[in-house]
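First up is the structure itself, then whatever we jot down about it.
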Amino acid sequence: MSFHKVFVYGTLKRGEPNHYWIMDKSKGLSKFVGVAKTVEKYPLIIGTKYNIPFLLDAPGRGHNVVGELYQVDETMLQHLDILEDHPSFYVREIGKVKLTADDTVEDCWIYLIKKFKPEMLAQEHFEDYSSTGAHGLAYRERYLRDKSYDIKQDVFPSA
């Protein structure tokens, strides 16, 4: 059986609205490895009218982002790809994170936004996402969203 390591930094973390996705045993196996930070700095922003966390592919800017490292099987990885709309929205790439417990550096999958409007870089950058943080930007779950609204229009640059 093939296993992968995946870094989650937003709504998939423990205590966040989509954590159930990574814990759903009917969709594959997952095991919490530990709290980690990206080795590279990235801008983590909260965007669109639904307050979605985005890790923008602009290395060297922003913060060493805090998240969680999981070990998942191939079935769970494919399930996460559905949530993240990989590769047409988020793009899954190998990156490095450092476990906070022992400073071990691990290679893992990280979901990034590769194509984005330049003005998104001017938004506030966060080090550690929380859907109920002091920022006041509560995440809006998918079932509460307007089904006809395409969030990609708020993220992708105009053609």
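Simple scheme: letters A, B, ... for chains in structure tokens order, numbers from 1 for residues in each chain, numbers from 1 for ligands in the order shown.
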Asp107 in chain A: which residues within 12 Å, counting only C-alpha atoms, same-chain residues fewer than 4 positions away excluded, as a VMD selection string?
-> chain A and resid 4 to 7 36 to 39 69 to 71 93 to 99
Which neighbours of range 136-145 of chain A fall inside 7 Å, counting only C-alpha atoms, when residues of the same chain fewer than 3 positions from it are skipped, and could you give them as an MDAnalysis selection string?
-> chainID A and resid 50:52 131:133
Taking N, CA and C atoms for each residue, export the selection above as a short mmCIF file (atom, residue, chain, number, x, y, z; two decimals), in the first residue's frame.
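The file below, selection.cif, is the result:
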data_model
loop_
_atom_site.label_atom_id
_atom_site.label_comp_id
_atom_site.auth_asym_id
_atom_site.auth_seq_id
_atom_site.Cartn_x
_atom_site.Cartn_y
_atom_site.Cartn_z
N TYR A 50 -16.48 33.99 0.44
CA TYR A 50 -16.71 32.84 1.31
C TYR A 50 -15.57 32.63 2.31
N ASN A 51 -14.60 33.54 2.31
CA ASN A 51 -13.50 33.51 3.29
C ASN A 51 -12.74 32.18 3.30
N ILE A 52 -12.23 31.84 2.14
CA ILE A 52 -11.50 30.59 1.94
C ILE A 52 -10.01 30.84 2.13
N SER A 131 -10.64 29.43 11.24
CA SER A 131 -11.89 29.92 10.65
C SER A 131 -12.64 30.83 11.61
N THR A 132 -12.26 30.82 12.88
CA THR A 132 -12.92 31.67 13.87
C THR A 132 -11.95 32.66 14.50
N GLY A 133 -10.92 33.02 13.75
CA GLY A 133 -9.87 33.90 14.28
C GLY A 133 -10.34 35.32 14.50
#
Between A:Gly28, A:Pro59, A:Gly10, A:Pro87, which is the closest to Val72 in chain A once you count only C-alpha atoms?
->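 Comparing A:Gly28, A:Pro59, A:Gly10, A:Pro87 against Val72 in chain A, the winner is A:Gly28.
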At what distance in Å, to one decimal, does CA of Gly62 in chain A lie from CA of Met23 in chain A?
->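 Computing it gives 29.1 Å between the two atoms.
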Which of these, A:Ser2, A:Lys41, A:Leu77, A:Glu68, has the shortest distance to Gly15 in chain A once you count only C-alpha atoms?
->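 Answer, going by the shortest atom-to-atom distance: A:Glu68.
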Every residue of chain A that DSSP places in strand (DSSP E or B), as a PyMOL selection string | chain A and resi 3-8+30-38+42+44-47+52-56+63+66-73+90-99+105-113+126+128
Which value, in Å to one decimal, gives the distance between CA of Val66 in chain A and CA of Lys13 in chain A?
->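 Computed distance, CA of Val66 in chain A to CA of Lys13 in chain A, equals 10.2 Å.
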Check the DSSP output for the backbone and give back, as a ChimeraX atom specification, the residues of chain A in helix (DSSP H, G or I).
-> /A:19-23,25-27,74-84,118-122,142-144,152-155
Which residue of A:Leu112, A:Ile82, A:Ile151, A:Ala101 approaches Ala58 in chain A most closely, using only C-alpha atoms |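 Among A:Leu112, A:Ile82, A:Ile151, A:Ala101, it is A:Leu112 that comes nearest to Ala58 in chain A.
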Find the residue from A:Lys49, A:Arg14, A:Lys25, A:Lys114 that sits nearest to His86 in chain A; use only C-alpha atoms when measuring.
-> A:Lys114
Please indicate the distance in Å from CA of Lys147 in chain A to CA of Ser26 in chain A, rounded to one decimal place.
-> 25.8 Å
Distance criterion (only C-alpha atoms): nearest to Leu56 in chain A out of A:Ile113, A:Met76, A:Ala134, A:Val155 |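 With only C-alpha atoms as the atom set, the closest residue is A:Ile113.
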Restricting the calculation to only C-alpha atoms, which member of A:Thr11, A:Gln78, A:Ser30, A:Asn64 is positioned closest to Arg92 in chain A?
-> A:Gln78
